[in-house]
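**Student:** Here you go, this is upload.cif (mmCIF, C-alpha atoms).
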data_my_file
#
loop_
_atom_site.label_atom_id
_atom_site.label_comp_id
_atom_site.auth_asym_id
_atom_site.auth_seq_id
_atom_site.Cartn_x
_atom_site.Cartn_y
_atom_site.Cartn_z
CA MET A 1 80.39 74.32 115.58
CA LYS A 2 78.03 77.19 116.29
CA THR A 3 78.91 80.81 117.00
CA ASP A 4 77.12 84.14 116.96
CA VAL A 5 79.87 85.88 114.99
CA LEU A 6 82.47 84.36 112.67
CA VAL A 7 85.31 86.68 111.67
CA ILE A 8 87.44 85.64 108.68
CA GLY A 9 90.88 87.21 109.12
CA ALA A 10 92.91 87.74 112.31
CA GLY A 11 94.51 91.02 111.32
CA ALA A 12 94.00 94.49 112.78
CA ALA A 13 90.38 94.95 111.65
CA GLY A 14 89.28 91.38 112.42
CA LEU A 15 90.72 91.35 115.93
CA MET A 16 89.21 94.74 116.78
CA CYS A 17 85.81 93.61 115.53
CA ALA A 18 86.06 90.38 117.56
CA ILE A 19 86.96 92.27 120.75
CA VAL A 20 84.00 94.64 120.45
CA ALA A 21 81.50 91.90 119.55
CA GLY A 22 82.81 89.72 122.40
CA GLN A 23 82.46 92.58 124.87
CA ARG A 24 78.77 92.76 123.90
CA GLY A 25 78.37 89.16 125.06
CA ARG A 26 78.36 87.62 121.59
CA SER A 27 80.14 84.30 121.07
CA VAL A 28 82.92 85.03 118.57
CA LEU A 29 85.20 82.78 116.52
CA VAL A 30 88.07 84.23 114.46
CA VAL A 31 89.69 82.06 111.78
CA ASP A 32 92.80 82.82 109.72
CA HIS A 33 94.59 80.68 107.15
CA ALA A 34 98.00 82.03 108.27
CA ASN A 35 100.00 80.17 110.91
CA LYS A 36 99.97 83.16 113.29
CA VAL A 37 97.75 86.15 113.84
CA GLY A 38 98.50 89.79 113.09
CA LYS A 39 101.33 89.21 110.61
CA LYS A 40 101.01 92.66 109.03
CA ILE A 41 100.92 94.26 112.47
CA LEU A 42 104.14 92.44 113.41
CA MET A 43 106.06 93.64 110.33
CA SER A 44 104.73 97.20 110.25
CA GLY A 45 106.84 100.21 111.10
CA GLY A 46 110.05 98.21 110.91
CA GLY A 47 108.79 95.91 113.68
CA ARG A 48 107.58 98.78 115.87
CA CYS A 49 104.06 99.13 114.49
CA ASN A 50 102.98 102.59 113.36
CA PHE A 51 99.59 101.93 114.99
CA THR A 52 97.81 105.23 114.25
CA ASN A 53 98.28 108.86 113.23
CA LEU A 54 97.22 111.92 115.19
CA GLY A 55 96.36 113.74 111.95
CA VAL A 56 93.69 111.33 110.70
CA THR A 57 90.88 112.95 108.72
CA PRO A 58 88.62 111.48 106.02
CA ALA A 59 90.67 113.50 103.48
CA SER A 60 93.61 111.16 104.20
CA TYR A 61 91.82 108.27 102.46
CA LEU A 62 91.25 107.27 98.84
CA SER A 63 87.88 105.77 97.88
CA ALA A 64 85.37 105.99 95.04
CA ASN A 65 83.12 107.49 97.75
CA PRO A 66 85.28 109.95 99.73
CA HIS A 67 82.51 110.38 102.32
CA PHE A 68 82.15 106.70 103.23
CA ALA A 69 84.92 106.59 105.87
CA LYS A 70 83.64 109.64 107.79
CA SER A 71 81.18 107.87 110.10
CA ALA A 72 83.45 105.08 111.36
CA LEU A 73 86.47 107.39 111.73
CA ALA A 74 84.44 109.94 113.69
CA ARG A 75 83.17 107.30 116.14
CA TYR A 76 86.54 105.69 116.83
CA THR A 77 89.41 108.17 116.85
CA PRO A 78 93.17 107.76 117.27
CA TRP A 79 92.70 108.84 120.91
CA ASP A 80 90.34 105.90 121.50
CA PHE A 81 92.99 103.46 120.33
CA ILE A 82 95.70 105.29 122.29
CA ALA A 83 93.57 104.80 125.41
CA MET A 84 93.73 101.03 124.87
CA VAL A 85 97.50 101.19 124.29
CA GLU A 86 97.98 103.18 127.51
CA LYS A 87 95.70 100.82 129.46
CA HIS A 88 98.09 98.02 128.53
CA ARG A 89 101.06 100.20 129.51
CA ILE A 90 102.66 100.04 126.07
CA ALA A 91 105.24 102.82 125.70
CA TYR A 92 104.99 104.75 122.43
CA HIS A 93 106.33 107.88 120.75
CA GLU A 94 105.47 110.25 117.93
CA LYS A 95 108.06 109.89 115.19
CA GLU A 96 107.04 112.58 112.70
CA LEU A 97 103.90 113.97 111.06
CA GLY A 98 101.68 112.54 113.81
CA GLN A 99 102.90 108.95 113.35
CA LEU A 100 102.76 106.93 116.57
CA PHE A 101 105.08 103.94 117.07
CA CYS A 102 105.73 101.48 119.88
CA ASP A 103 108.96 102.23 121.77
CA GLU A 104 109.75 98.53 121.79
CA SER A 105 108.05 95.97 119.54
CA SER A 106 104.93 95.56 117.42
CA LYS A 107 104.52 92.22 119.25
CA LEU A 108 103.12 94.27 122.14
CA ILE A 109 100.21 95.49 119.99
CA VAL A 110 99.40 91.93 118.91
CA ARG A 111 99.65 90.76 122.53
CA MET A 112 97.33 93.59 123.62
CA LEU A 113 94.72 92.61 121.02
CA LEU A 114 94.97 88.92 121.95
CA ASP A 115 94.64 89.76 125.66
CA GLU A 116 91.53 91.85 124.91
CA CYS A 117 90.14 88.97 122.84
CA ALA A 118 90.76 86.53 125.69
CA GLN A 119 89.02 88.82 128.18
CA ALA A 120 86.05 89.08 125.82
CA GLY A 121 85.86 85.30 125.41
CA VAL A 122 86.88 85.34 121.75
CA ARG A 123 88.17 82.10 120.26
CA ILE A 124 90.91 82.28 117.61
CA GLU A 125 91.93 79.50 115.20
CA SER A 126 95.06 80.05 113.07
CA SER A 127 96.12 77.77 110.18
CA CYS A 128 92.41 77.50 109.48
CA GLY A 129 91.48 78.28 105.88
CA VAL A 130 87.95 78.75 104.54
CA ASP A 131 86.89 77.14 101.28
CA ARG A 132 83.10 77.55 101.11
CA VAL A 133 80.45 79.90 102.45
CA ARG A 134 76.69 79.39 102.16
CA ARG A 135 73.76 81.54 103.21
CA THR A 136 71.23 79.74 105.42
CA GLU A 137 68.00 80.66 107.20
CA GLU A 138 69.91 81.05 110.48
CA GLY A 139 72.82 82.98 108.93
CA PHE A 140 75.85 81.36 107.31
CA THR A 141 77.45 77.94 107.03
CA VAL A 142 81.19 78.17 106.52
CA HIS A 143 83.39 75.21 105.60
CA THR A 144 86.78 75.59 107.28
CA ALA A 145 89.87 73.44 107.75
CA ARG A 146 88.52 72.65 111.24
CA GLY A 147 85.06 71.63 110.02
CA GLU A 148 81.73 73.33 109.45
CA VAL A 149 80.88 76.54 111.33
CA HIS A 150 77.36 77.94 111.63
CA ALA A 151 77.23 81.67 112.38
CA GLN A 152 74.51 84.31 112.64
CA SER A 153 76.90 87.05 111.48
CA LEU A 154 79.86 86.75 109.10
CA VAL A 155 82.58 89.41 109.10
CA VAL A 156 85.07 89.45 106.21
CA ALA A 157 88.36 90.95 107.35
CA SER A 158 90.61 89.04 104.98
CA GLY A 159 92.66 92.00 103.73
CA GLY A 160 93.76 92.81 100.21
CA LEU A 161 96.36 91.54 97.76
CA SER A 162 99.42 93.32 99.13
CA ILE A 163 102.43 91.23 100.21
CA PRO A 164 101.34 87.78 98.95
CA SER A 165 104.41 86.25 100.62
CA MET A 166 102.55 86.81 103.91
CA GLY A 167 99.49 84.96 102.66
CA ALA A 168 97.46 87.72 100.99
CA THR A 169 94.80 86.41 98.58
CA GLY A 170 91.73 87.71 96.78
CA PHE A 171 89.42 85.58 98.92
CA GLY A 172 87.46 88.52 100.32
CA TYR A 173 86.74 89.88 96.85
CA GLU A 174 85.52 86.46 95.65
CA LEU A 175 83.21 86.22 98.65
CA ALA A 176 81.86 89.72 98.02
CA ARG A 177 81.07 88.83 94.39
CA GLN A 178 79.44 85.56 95.48
CA PHE A 179 76.91 87.61 97.47
CA GLY A 180 76.27 90.14 94.69
CA HIS A 181 78.64 92.90 95.72
CA ALA A 182 80.56 94.94 93.17
CA VAL A 183 84.35 94.90 93.56
CA LEU A 184 86.18 97.92 92.19
CA PRO A 185 89.43 97.32 90.25
CA THR A 186 92.38 96.77 92.57
CA ARG A 187 95.99 97.93 92.26
CA ALA A 188 99.06 98.23 94.44
CA GLY A 189 99.24 101.29 96.71
CA LEU A 190 102.01 102.79 98.87
CA VAL A 191 104.52 101.09 96.61
CA PRO A 192 107.91 101.91 95.02
CA LEU A 193 107.86 103.11 91.39
CA THR A 194 109.93 101.47 88.68
CA LEU A 195 111.81 103.02 85.75
CA SER A 196 112.72 101.30 82.51
CA GLY A 197 114.91 101.83 79.44
CA LYS A 198 117.02 104.98 79.34
CA HIS A 199 115.20 106.38 82.38
CA GLN A 200 116.43 103.47 84.49
CA GLU A 201 119.91 103.50 82.93
CA ARG A 202 120.39 107.16 83.91
CA TYR A 203 119.96 106.50 87.62
CA GLN A 204 120.31 102.79 88.46
CA ASP A 205 123.96 103.11 89.50
CA LEU A 206 122.86 105.75 92.05
CA SER A 207 121.00 103.01 93.96
CA GLY A 208 121.10 103.82 97.67
CA VAL A 209 121.25 107.60 97.24
CA ALA A 210 118.74 109.15 99.66
CA LEU A 211 117.26 112.64 99.93
CA PRO A 212 115.80 113.56 103.34
CA ALA A 213 113.09 115.82 101.91
CA VAL A 214 111.62 116.15 98.44
CA GLU A 215 108.11 117.02 97.27
CA ALA A 216 106.54 114.52 94.87
CA ARG A 217 103.71 115.89 92.71
CA VAL A 218 101.06 114.35 90.46
CA GLY A 219 98.45 116.83 89.27
CA LYS A 220 97.23 118.81 92.30
CA ARG A 221 98.36 116.18 94.83
CA SER A 222 101.77 116.47 96.46
CA PHE A 223 103.63 114.91 99.40
CA LYS A 224 106.78 116.15 101.09
CA ALA A 225 108.99 113.46 102.63
CA GLY A 226 112.14 111.45 101.97
CA MET A 227 113.09 109.74 98.71
CA LEU A 228 115.42 106.85 97.88
CA ILE A 229 116.87 105.93 94.49
CA THR A 230 116.85 102.14 93.97
CA HIS A 231 118.37 99.92 91.30
CA ARG A 232 114.88 99.56 89.79
CA GLY A 233 113.49 103.06 90.30
CA VAL A 234 112.53 105.29 93.21
CA SER A 235 111.15 104.65 96.68
CA GLY A 236 110.97 106.33 100.10
CA PRO A 237 107.98 107.88 101.88
CA ALA A 238 107.30 110.67 99.34
CA ILE A 239 107.23 108.15 96.48
CA LEU A 240 105.10 105.62 98.39
CA GLN A 241 102.57 108.35 99.19
CA ILE A 242 102.30 109.67 95.63
CA SER A 243 102.17 106.13 94.19
CA SER A 244 98.58 105.77 95.38
CA TYR A 245 97.62 108.73 93.16
CA TRP A 246 99.91 107.98 90.20
CA GLN A 247 98.74 105.99 87.20
CA PRO A 248 100.89 104.94 84.20
CA GLY A 249 101.29 107.91 81.87
CA ASP A 250 100.76 110.53 84.59
CA ASP A 251 103.25 113.40 84.77
CA LEU A 252 105.29 112.92 87.95
CA ARG A 253 107.54 115.74 89.15
CA ILE A 254 109.93 115.87 92.09
CA ASP A 255 110.88 119.12 93.80
CA LEU A 256 114.42 118.21 94.86
CA LEU A 257 114.80 121.36 97.00
CA PRO A 258 111.36 122.08 98.47
CA ASP A 259 112.75 124.25 101.30
CA LEU A 260 114.87 126.47 99.08
CA ASP A 261 114.29 129.09 96.36
CA ALA A 262 116.79 127.36 94.08
CA ALA A 263 117.16 130.17 91.53
CA ALA A 264 117.80 132.83 94.20
CA TRP A 265 120.20 130.51 96.03
CA LEU A 266 122.17 129.85 92.83
CA GLN A 267 122.48 133.61 92.21
CA GLU A 268 123.88 133.99 95.73
CA GLN A 269 126.35 131.17 95.12
CA ARG A 270 127.51 132.76 91.87
CA ALA A 271 128.25 135.99 93.75
CA ALA A 272 129.96 134.24 96.68
CA HIS A 273 131.85 131.51 94.78
CA PRO A 274 132.28 132.59 91.13
CA ALA A 275 135.04 130.03 90.45
CA ALA A 276 133.18 127.05 91.94
CA GLU A 277 131.75 124.53 89.49
CA LEU A 278 127.97 124.03 89.46
CA LYS A 279 128.25 120.32 90.35
CA ASN A 280 130.21 121.18 93.50
CA VAL A 281 127.82 123.97 94.44
CA LEU A 282 124.82 121.63 94.07
CA SER A 283 126.63 119.03 96.20
CA ASP A 284 126.14 121.38 99.16
CA VAL A 285 122.37 120.82 99.03
CA LEU A 286 122.01 117.47 97.19
CA PRO A 287 123.83 114.13 97.49
CA ARG A 288 127.11 114.52 95.58
CA ARG A 289 126.52 111.61 93.17
CA LEU A 290 123.07 112.90 92.26
CA ALA A 291 124.37 116.46 91.79
CA GLN A 292 127.04 115.19 89.42
CA ARG A 293 124.55 113.08 87.46
CA LEU A 294 122.12 115.99 87.08
CA CYS A 295 124.96 118.09 85.68
CA GLU A 296 125.94 115.32 83.27
CA LEU A 297 122.39 114.86 82.02
CA TRP A 298 120.74 118.26 82.22
CA PHE A 299 122.79 121.23 83.31
CA GLU A 300 126.42 121.01 82.06
CA SER A 301 128.78 121.90 84.88
CA ARG A 302 130.75 125.15 84.47
CA PRO A 303 132.23 127.71 86.88
CA MET A 304 129.38 129.72 88.39
CA ARG A 305 130.53 133.04 86.88
CA GLN A 306 129.88 131.63 83.39
CA TYR A 307 126.13 131.28 83.98
CA ARG A 308 123.76 134.10 83.04
CA GLU A 309 120.91 134.94 85.39
CA ALA A 310 118.35 133.38 83.02
CA GLU A 311 120.33 130.13 82.92
CA LEU A 312 120.42 129.92 86.70
CA ALA A 313 116.68 130.64 86.83
CA ASN A 314 116.10 127.77 84.39
CA ILE A 315 118.30 125.39 86.42
CA GLY A 316 116.41 126.41 89.57
CA ALA A 317 113.08 125.70 87.88
CA GLN A 318 114.27 122.24 86.80
CA LEU A 319 115.44 121.43 90.33
CA HIS A 320 111.94 122.23 91.57
CA ALA A 321 110.27 120.05 88.89
CA TRP A 322 112.59 117.14 88.15
CA PRO A 323 110.68 114.78 85.82
CA ILE A 324 110.51 111.08 86.65
CA VAL A 325 109.11 108.93 83.87
CA ALA A 326 107.95 105.89 85.83
CA SER A 327 106.99 102.78 83.87
CA GLY A 328 105.09 101.07 86.66
CA THR A 329 105.24 99.98 90.28
CA GLU A 330 106.90 97.15 92.19
CA GLY A 331 103.39 95.65 92.43
CA TYR A 332 101.69 93.80 95.27
CA ARG A 333 104.95 92.07 96.21
CA THR A 334 106.13 95.14 98.14
CA ALA A 335 102.95 97.24 98.29
CA GLU A 336 101.81 98.21 101.77
CA VAL A 337 98.13 98.36 100.78
CA THR A 338 95.64 97.48 98.07
CA LEU A 339 93.67 100.27 96.39
CA GLY A 340 90.11 99.49 95.31
CA GLY A 341 88.14 96.53 96.65
CA VAL A 342 84.58 95.95 97.83
CA ASP A 343 82.45 98.83 96.56
CA THR A 344 81.26 100.97 99.48
CA ASP A 345 77.93 101.61 97.69
CA GLY A 346 76.86 98.15 98.87
CA LEU A 347 77.76 98.75 102.53
CA SER A 348 76.38 100.78 105.42
CA SER A 349 78.94 103.45 106.36
CA SER A 350 77.88 103.32 110.02
CA THR A 351 77.97 99.53 110.53
CA MET A 352 79.95 98.13 107.54
CA GLN A 353 77.06 95.71 107.02
CA SER A 354 76.06 94.58 103.55
CA LYS A 355 72.97 96.30 102.15
CA LEU A 356 72.29 93.12 100.15
CA VAL A 357 72.81 90.36 102.73
CA PRO A 358 71.82 90.98 106.38
CA GLY A 359 74.47 89.74 108.80
CA LEU A 360 77.36 90.02 106.30
CA PHE A 361 80.06 92.62 107.00
CA PHE A 362 83.22 93.79 105.22
CA ILE A 363 85.94 95.67 107.12
CA GLY A 364 89.52 96.86 106.80
CA GLU A 365 91.63 96.64 103.64
CA VAL A 366 89.18 94.45 101.69
CA VAL A 367 86.93 97.53 101.42
CA ASP A 368 87.55 100.34 98.90
CA VAL A 369 89.05 102.67 101.52
CA THR A 370 92.83 103.19 101.46
CA GLY A 371 94.78 105.51 103.74
CA TRP A 372 98.01 107.43 103.39
CA LEU A 373 101.33 106.10 104.67
CA GLY A 374 101.93 106.60 108.39
CA GLY A 375 99.33 104.78 110.51
CA TYR A 376 96.23 105.83 108.59
CA ASN A 377 95.41 102.30 107.38
CA PHE A 378 95.64 100.90 110.89
CA GLN A 379 93.23 103.59 112.10
CA TRP A 380 90.78 102.58 109.36
CA ALA A 381 91.16 98.95 110.48
CA TRP A 382 90.43 99.84 114.12
CA ALA A 383 87.52 102.15 113.23
CA SER A 384 85.83 99.88 110.67
CA GLY A 385 86.38 96.86 112.92
CA ARG A 386 84.75 98.63 115.82
CA ALA A 387 81.81 99.79 113.68
CA ALA A 388 81.04 96.20 112.67
CA GLY A 389 81.73 94.77 116.11
CA GLU A 390 79.05 97.00 117.66
CA VAL A 391 76.31 95.35 115.62
CA ALA A 392 77.56 91.96 114.32
#
As a first step, turn the structure in this file into structure tokens.
**Tutor:**
Amino acid sequence: MKTDVLVIGAGAAGLMCAIVAGQRGRSVLVVDHANKVGKKILMSGGGRCNFTNLGVTPASYLSANPHFAKSALARYTPWDFIAMVEKHRIAYHEKELGQLFCDESSKLIVRMLLDECAQAGVRIESSCGVDRVRRTEEGFTVHTARGEVHAQSLVVASGGLSIPSMGATGFGYELARQFGHAVLPTRAGLVPLTLSGKHQERYQDLSGVALPAVEARVGKRSFKAGMLITHRGVSGPAILQISSYWQPGDDLRIDLLPDLDAAAWLQEQRAAHPAAELKNVLSDVLPRRLAQRLCELWFESRPMRQYREAELANIGAQLHAWPIVASGTEGYRTAEVTLGGVDTDGLSSSTMQSKLVPGLFFIGEVVDVTGWLGGYNFQWAWASGRAAGEVA
């Protein structure tokens, strides 16, 4: 089998690359070891696909080289992808913080990409694993489950290690090393945090308690969003966001009342309700079970009139900097993305092509570029896929 471009991985980045290369008149074959294409697209956003974010900037991405993503993101913006969505008459809405979701199903995004592939003459083979890749004078020889494929250009869009139950493997990293590329250490990103020992015991029976808005802080980085207490630790958007910046041993603080001056509010409550107990007062602004637990562990619940101003100031300060001593993360099993990956120093930021091996490209999650929660990683997939597709 001969093709101009072979794309390994039929996810968001691989399909976008295939579309663009096919539109240039290149013959394109996409292979994927999974039994159907776009599995991560299908499951994303609760089945509605958070396909981009209106607030995308290079600052929304983690990478050893924070400048690397700038070129691709500037040349293919959220509005470019929205134009494709609107061309296919897919209804969508902005949920919050610039996050765009399908009104109906993420299946529509996969169908759109497959339709674009078909129009561009792209061939797609699912349930087609790759076990060997060799460099040749003409390009690459790739041994697949369907036989040998000879390609001028090889695009690696095989993703990272997150959600192995959906088929994630380290194949792309192995291939990068085979051709001399450095691979930076990987770890789970956008992932729930776990507690252990007494820290878990204090809160595990509060599993299911949710707070609509907290601010999670590690060092100078903070995110304001919802939080959920689980039987193993903490989750929710604020925790998933900060998890990409947290490392074991880091000081993690949660502002439980980010929209309130807690100390001033407690003084007002003391004046208005002197006989009310602290745990009941806090239940007005926090879930009741959490308010009671905080009083059991930290504050000691008494009638409000019994607290001095300094005590209320101290309680307010603790509510704005509740310490969570996380022991680790839930790992790749539930992580939305993989941090680290193919070192960007070995790639062209404008084309995603290897600086070491002409005709070899790395795009999407396999590369050391990881976005925030909320459509940022899809936008990187579209943008990096397009950048490679224009030259592969």
**Student:** Between A:Ala272, A:Leu297, A:Leu175, A:Cys49, which one has atoms that come closest to Lys198 of chain A, using all atoms listed in the file?
**Tutor:**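 Smallest separation from Lys198 of chain A among the options: A:Leu297.
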**Student:** If I take atom CA of Val130 of chain A and atom CA of Leu15 of chain A, how far is one from the other in Å, to one decimal?
**Tutor:**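 Computed distance, atom CA of Val130 of chain A to atom CA of Leu15 of chain A, equals 17.2 Å.
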**Student:** Measuring atom to atom with only C-alpha atoms, identify which of A:Ala182, A:Met304, A:Ile315, A:Val209 is nearest to Asp343 of chain A.
**Tutor:** A:Ala182
**Student:** Output as a Markdown table one row per residue of segment 225-285 of chain A within 12 Å of segment 87-106 of chain A: the closest atom pair and its distance in Å to one decimal place, counting only C-alpha atoms, sorted by chain and residue number ascending.
**Tutor:**
| residue | atom | partner | partner_atom | distance |
| --- | --- | --- | --- | --- |
| A:Ala225 | CA | A:Leu97 | CA | 9.9 |
| A:Gly226 | CA | A:Glu96 | CA | 11.9 |
| A:Pro237 | CA | A:Leu97 | CA | 11.7 |
**Student:** Report the distance between atom CA of Leu278 of chain A and atom CA of Ser301 of chain A in Å, rounded to one decimal place.
**Tutor:** 5.1 Å
**Student:** Translate the PyMOL selection byres ((chain A and resi 72) around 10), as applied to the file shown, into an explicit residue set as JSON, numbers by chain.
**Tutor:** {"A": [58, 68, 69, 70, 71, 73, 74, 75, 76, 77, 349, 350, 351, 352, 379, 380, 381, 382, 383, 384, 385, 386, 387, 388]}
**Student:** Please save C-alpha atoms of the selected residues as an mmCIF file, keeping the file's coordinate frame.
**Tutor:**
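Once written, result-v2.cif looks like this:
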data_model
loop_
_atom_site.group_PDB
_atom_site.id
_atom_site.type_symbol
_atom_site.label_atom_id
_atom_site.label_comp_id
_atom_site.auth_asym_id
_atom_site.auth_seq_id
_atom_site.Cartn_x
_atom_site.Cartn_y
_atom_site.Cartn_z
ATOM 1 C CA PRO A 58 88.620 111.480 106.020
ATOM 2 C CA PHE A 68 82.150 106.700 103.230
ATOM 3 C CA ALA A 69 84.920 106.590 105.870
ATOM 4 C CA LYS A 70 83.640 109.640 107.790
ATOM 5 C CA SER A 71 81.180 107.870 110.100
ATOM 6 C CA LEU A 73 86.470 107.390 111.730
ATOM 7 C CA ALA A 74 84.440 109.940 113.690
ATOM 8 C CA ARG A 75 83.170 107.300 116.140
ATOM 9 C CA TYR A 76 86.540 105.690 116.830
ATOM 10 C CA THR A 77 89.410 108.170 116.850
ATOM 11 C CA SER A 349 78.940 103.450 106.360
ATOM 12 C CA SER A 350 77.880 103.320 110.020
ATOM 13 C CA THR A 351 77.970 99.530 110.530
ATOM 14 C CA MET A 352 79.950 98.130 107.540
ATOM 15 C CA GLN A 379 93.230 103.590 112.100
ATOM 16 C CA TRP A 380 90.780 102.580 109.360
ATOM 17 C CA ALA A 381 91.160 98.950 110.480
ATOM 18 C CA TRP A 382 90.430 99.840 114.120
ATOM 19 C CA ALA A 383 87.520 102.150 113.230
ATOM 20 C CA SER A 384 85.830 99.880 110.670
ATOM 21 C CA GLY A 385 86.380 96.860 112.920
ATOM 22 C CA ARG A 386 84.750 98.630 115.820
ATOM 23 C CA ALA A 387 81.810 99.790 113.680
ATOM 24 C CA ALA A 388 81.040 96.200 112.670
#
**Student:** Suppose a student applies the PyMOL selection byres ((chain A and resi 216) around 6) to this structure; what residues should they get, written as a PyMOL selection string?
**Tutor:** chain A and resi 215+217+222-223+238+253-254
**Student:** Quick one: which residues end up in the PyMOL selection byres ((chain A and resi 392) around 9) for this structure, as a ChimeraX atom specification?
**Tutor:** /A:4-5,17,21,26,152-155,351,353,359-361,387-391
**Student:** Could you state the separation of atom CA of Arg270 of chain A and atom CA of Leu228 of chain A in Å, given to one decimal place?
**Tutor:**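 Going from atom CA of Arg270 of chain A over to atom CA of Leu228 of chain A, I get 29.2 Å.
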**Student:** Which polymer residues, whether protein, DNA or RNA, lie within 12 Å of the coordinate (95.2, 95.3, 122.0) when you count only C-alpha atoms? List them as a ChimeraX atom specification, using the chain letters and numbers from the file.
**Tutor:** /A:11-20,38,41,51,80-90,106-120,382
**Student:** For those residues, write C-alpha atoms to a file as an mmCIF file, in the coordinates of the input.
**Tutor:**
data_model
loop_
_atom_site.group_PDB
_atom_site.id
_atom_site.type_symbol
_atom_site.label_atom_id
_atom_site.label_comp_id
_atom_site.auth_asym_id
_atom_site.auth_seq_id
_atom_site.Cartn_x
_atom_site.Cartn_y
_atom_site.Cartn_z
ATOM 1 C CA GLY A 11 94.510 91.020 111.320
ATOM 2 C CA ALA A 12 94.000 94.490 112.780
ATOM 3 C CA ALA A 13 90.380 94.950 111.650
ATOM 4 C CA GLY A 14 89.280 91.380 112.420
ATOM 5 C CA LEU A 15 90.720 91.350 115.930
ATOM 6 C CA MET A 16 89.210 94.740 116.780
ATOM 7 C CA CYS A 17 85.810 93.610 115.530
ATOM 8 C CA ALA A 18 86.060 90.380 117.560
ATOM 9 C CA ILE A 19 86.960 92.270 120.750
ATOM 10 C CA VAL A 20 84.000 94.640 120.450
ATOM 11 C CA GLY A 38 98.500 89.790 113.090
ATOM 12 C CA ILE A 41 100.920 94.260 112.470
ATOM 13 C CA PHE A 51 99.590 101.930 114.990
ATOM 14 C CA ASP A 80 90.340 105.900 121.500
ATOM 15 C CA PHE A 81 92.990 103.460 120.330
ATOM 16 C CA ILE A 82 95.700 105.290 122.290
ATOM 17 C CA ALA A 83 93.570 104.800 125.410
ATOM 18 C CA MET A 84 93.730 101.030 124.870
ATOM 19 C CA VAL A 85 97.500 101.190 124.290
ATOM 20 C CA GLU A 86 97.980 103.180 127.510
ATOM 21 C CA LYS A 87 95.700 100.820 129.460
ATOM 22 C CA HIS A 88 98.090 98.020 128.530
ATOM 23 C CA ARG A 89 101.060 100.200 129.510
ATOM 24 C CA ILE A 90 102.660 100.040 126.070
ATOM 25 C CA SER A 106 104.930 95.560 117.420
ATOM 26 C CA LYS A 107 104.520 92.220 119.250
ATOM 27 C CA LEU A 108 103.120 94.270 122.140
ATOM 28 C CA ILE A 109 100.210 95.490 119.990
ATOM 29 C CA VAL A 110 99.400 91.930 118.910
ATOM 30 C CA ARG A 111 99.650 90.760 122.530
ATOM 31 C CA MET A 112 97.330 93.590 123.620
ATOM 32 C CA LEU A 113 94.720 92.610 121.020
ATOM 33 C CA LEU A 114 94.970 88.920 121.950
ATOM 34 C CA ASP A 115 94.640 89.760 125.660
ATOM 35 C CA GLU A 116 91.530 91.850 124.910
ATOM 36 C CA CYS A 117 90.140 88.970 122.840
ATOM 37 C CA ALA A 118 90.760 86.530 125.690
ATOM 38 C CA GLN A 119 89.020 88.820 128.180
ATOM 39 C CA ALA A 120 86.050 89.080 125.820
ATOM 40 C CA TRP A 382 90.430 99.840 114.120
#
**Student:** Could you give me, as an mmCIF file with C-alpha atoms, in the coordinates of the input, the residues within 7 Å of segment 337-339 of chain A, counting only C-alpha atoms and dropping anything in the same chain fewer than 6 positions from it?
**Tutor:**
data_model
loop_
_atom_site.group_PDB
_atom_site.id
_atom_site.type_symbol
_atom_site.label_atom_id
_atom_site.label_comp_id
_atom_site.auth_asym_id
_atom_site.auth_seq_id
_atom_site.Cartn_x
_atom_site.Cartn_y
_atom_site.Cartn_z
ATOM 1 C CA GLY A 160 93.760 92.810 100.210
ATOM 2 C CA LEU A 161 96.360 91.540 97.760
ATOM 3 C CA SER A 162 99.420 93.320 99.130
ATOM 4 C CA THR A 186 92.380 96.770 92.570
ATOM 5 C CA ARG A 187 95.990 97.930 92.260
ATOM 6 C CA ALA A 188 99.060 98.230 94.440
ATOM 7 C CA GLY A 189 99.240 101.290 96.710
ATOM 8 C CA LEU A 190 102.010 102.790 98.870
ATOM 9 C CA GLU A 365 91.630 96.640 103.640
ATOM 10 C CA ASP A 368 87.550 100.340 98.900
ATOM 11 C CA THR A 370 92.830 103.190 101.460
#
**Student:** Which residues come within 8 Å of Phe362 of chain A, counting only C-alpha atoms, excluding same-chain residues fewer than 3 positions away, as number ranges by chain?
**Tutor:** A: 155-157, 342, 347, 352-354, 366-367
**Student:** So, with all atoms listed in the file as the atoms that count, which of A:Arg202, A:Phe179, A:Val133, A:Arg221 lies closest to Gln292 of chain A?
**Tutor:** A:Arg202
**Student:** Name the closest residue to Ala275 of chain A among the candidates A:Trp246, A:Tyr307, A:Gly219, A:Ala291; distances are taken between atoms, counting all atoms listed in the file.
**Tutor:**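 Looking only at the distances to Ala275 of chain A, the closest residue turns out to be A:Tyr307.
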**Student:** Given all atoms listed in the file as the basis, pick out the residue of A:Arg333, A:Lys36, A:His320, A:His67 nearest to Ala263 of chain A.
**Tutor:**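 Selected residue with least distance to Ala263 of chain A: A:His320.
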**Student:** So, with only C-alpha atoms as the atoms that count, which of A:Thr329, A:Ile363, A:Gly341, A:Asp255 lies closest to Gly170 of chain A?
**Tutor:** A:Gly341
**Student:** Give me the residues within 7 Å of Met227 of chain A as a ChimeraX atom specification, counting all atoms listed in the file and dropping any in the same chain fewer than 4 places off.
**Tutor:** /A:210-214,235-239
**Student:** Residues near His181 of chain A, anyone? I mean within 8 Å using only C-alpha atoms, not counting same-chain ones fewer than 3 positions away, as a PyMOL selection string.
**Tutor:** chain A and resi 176-178+342-343+346+356
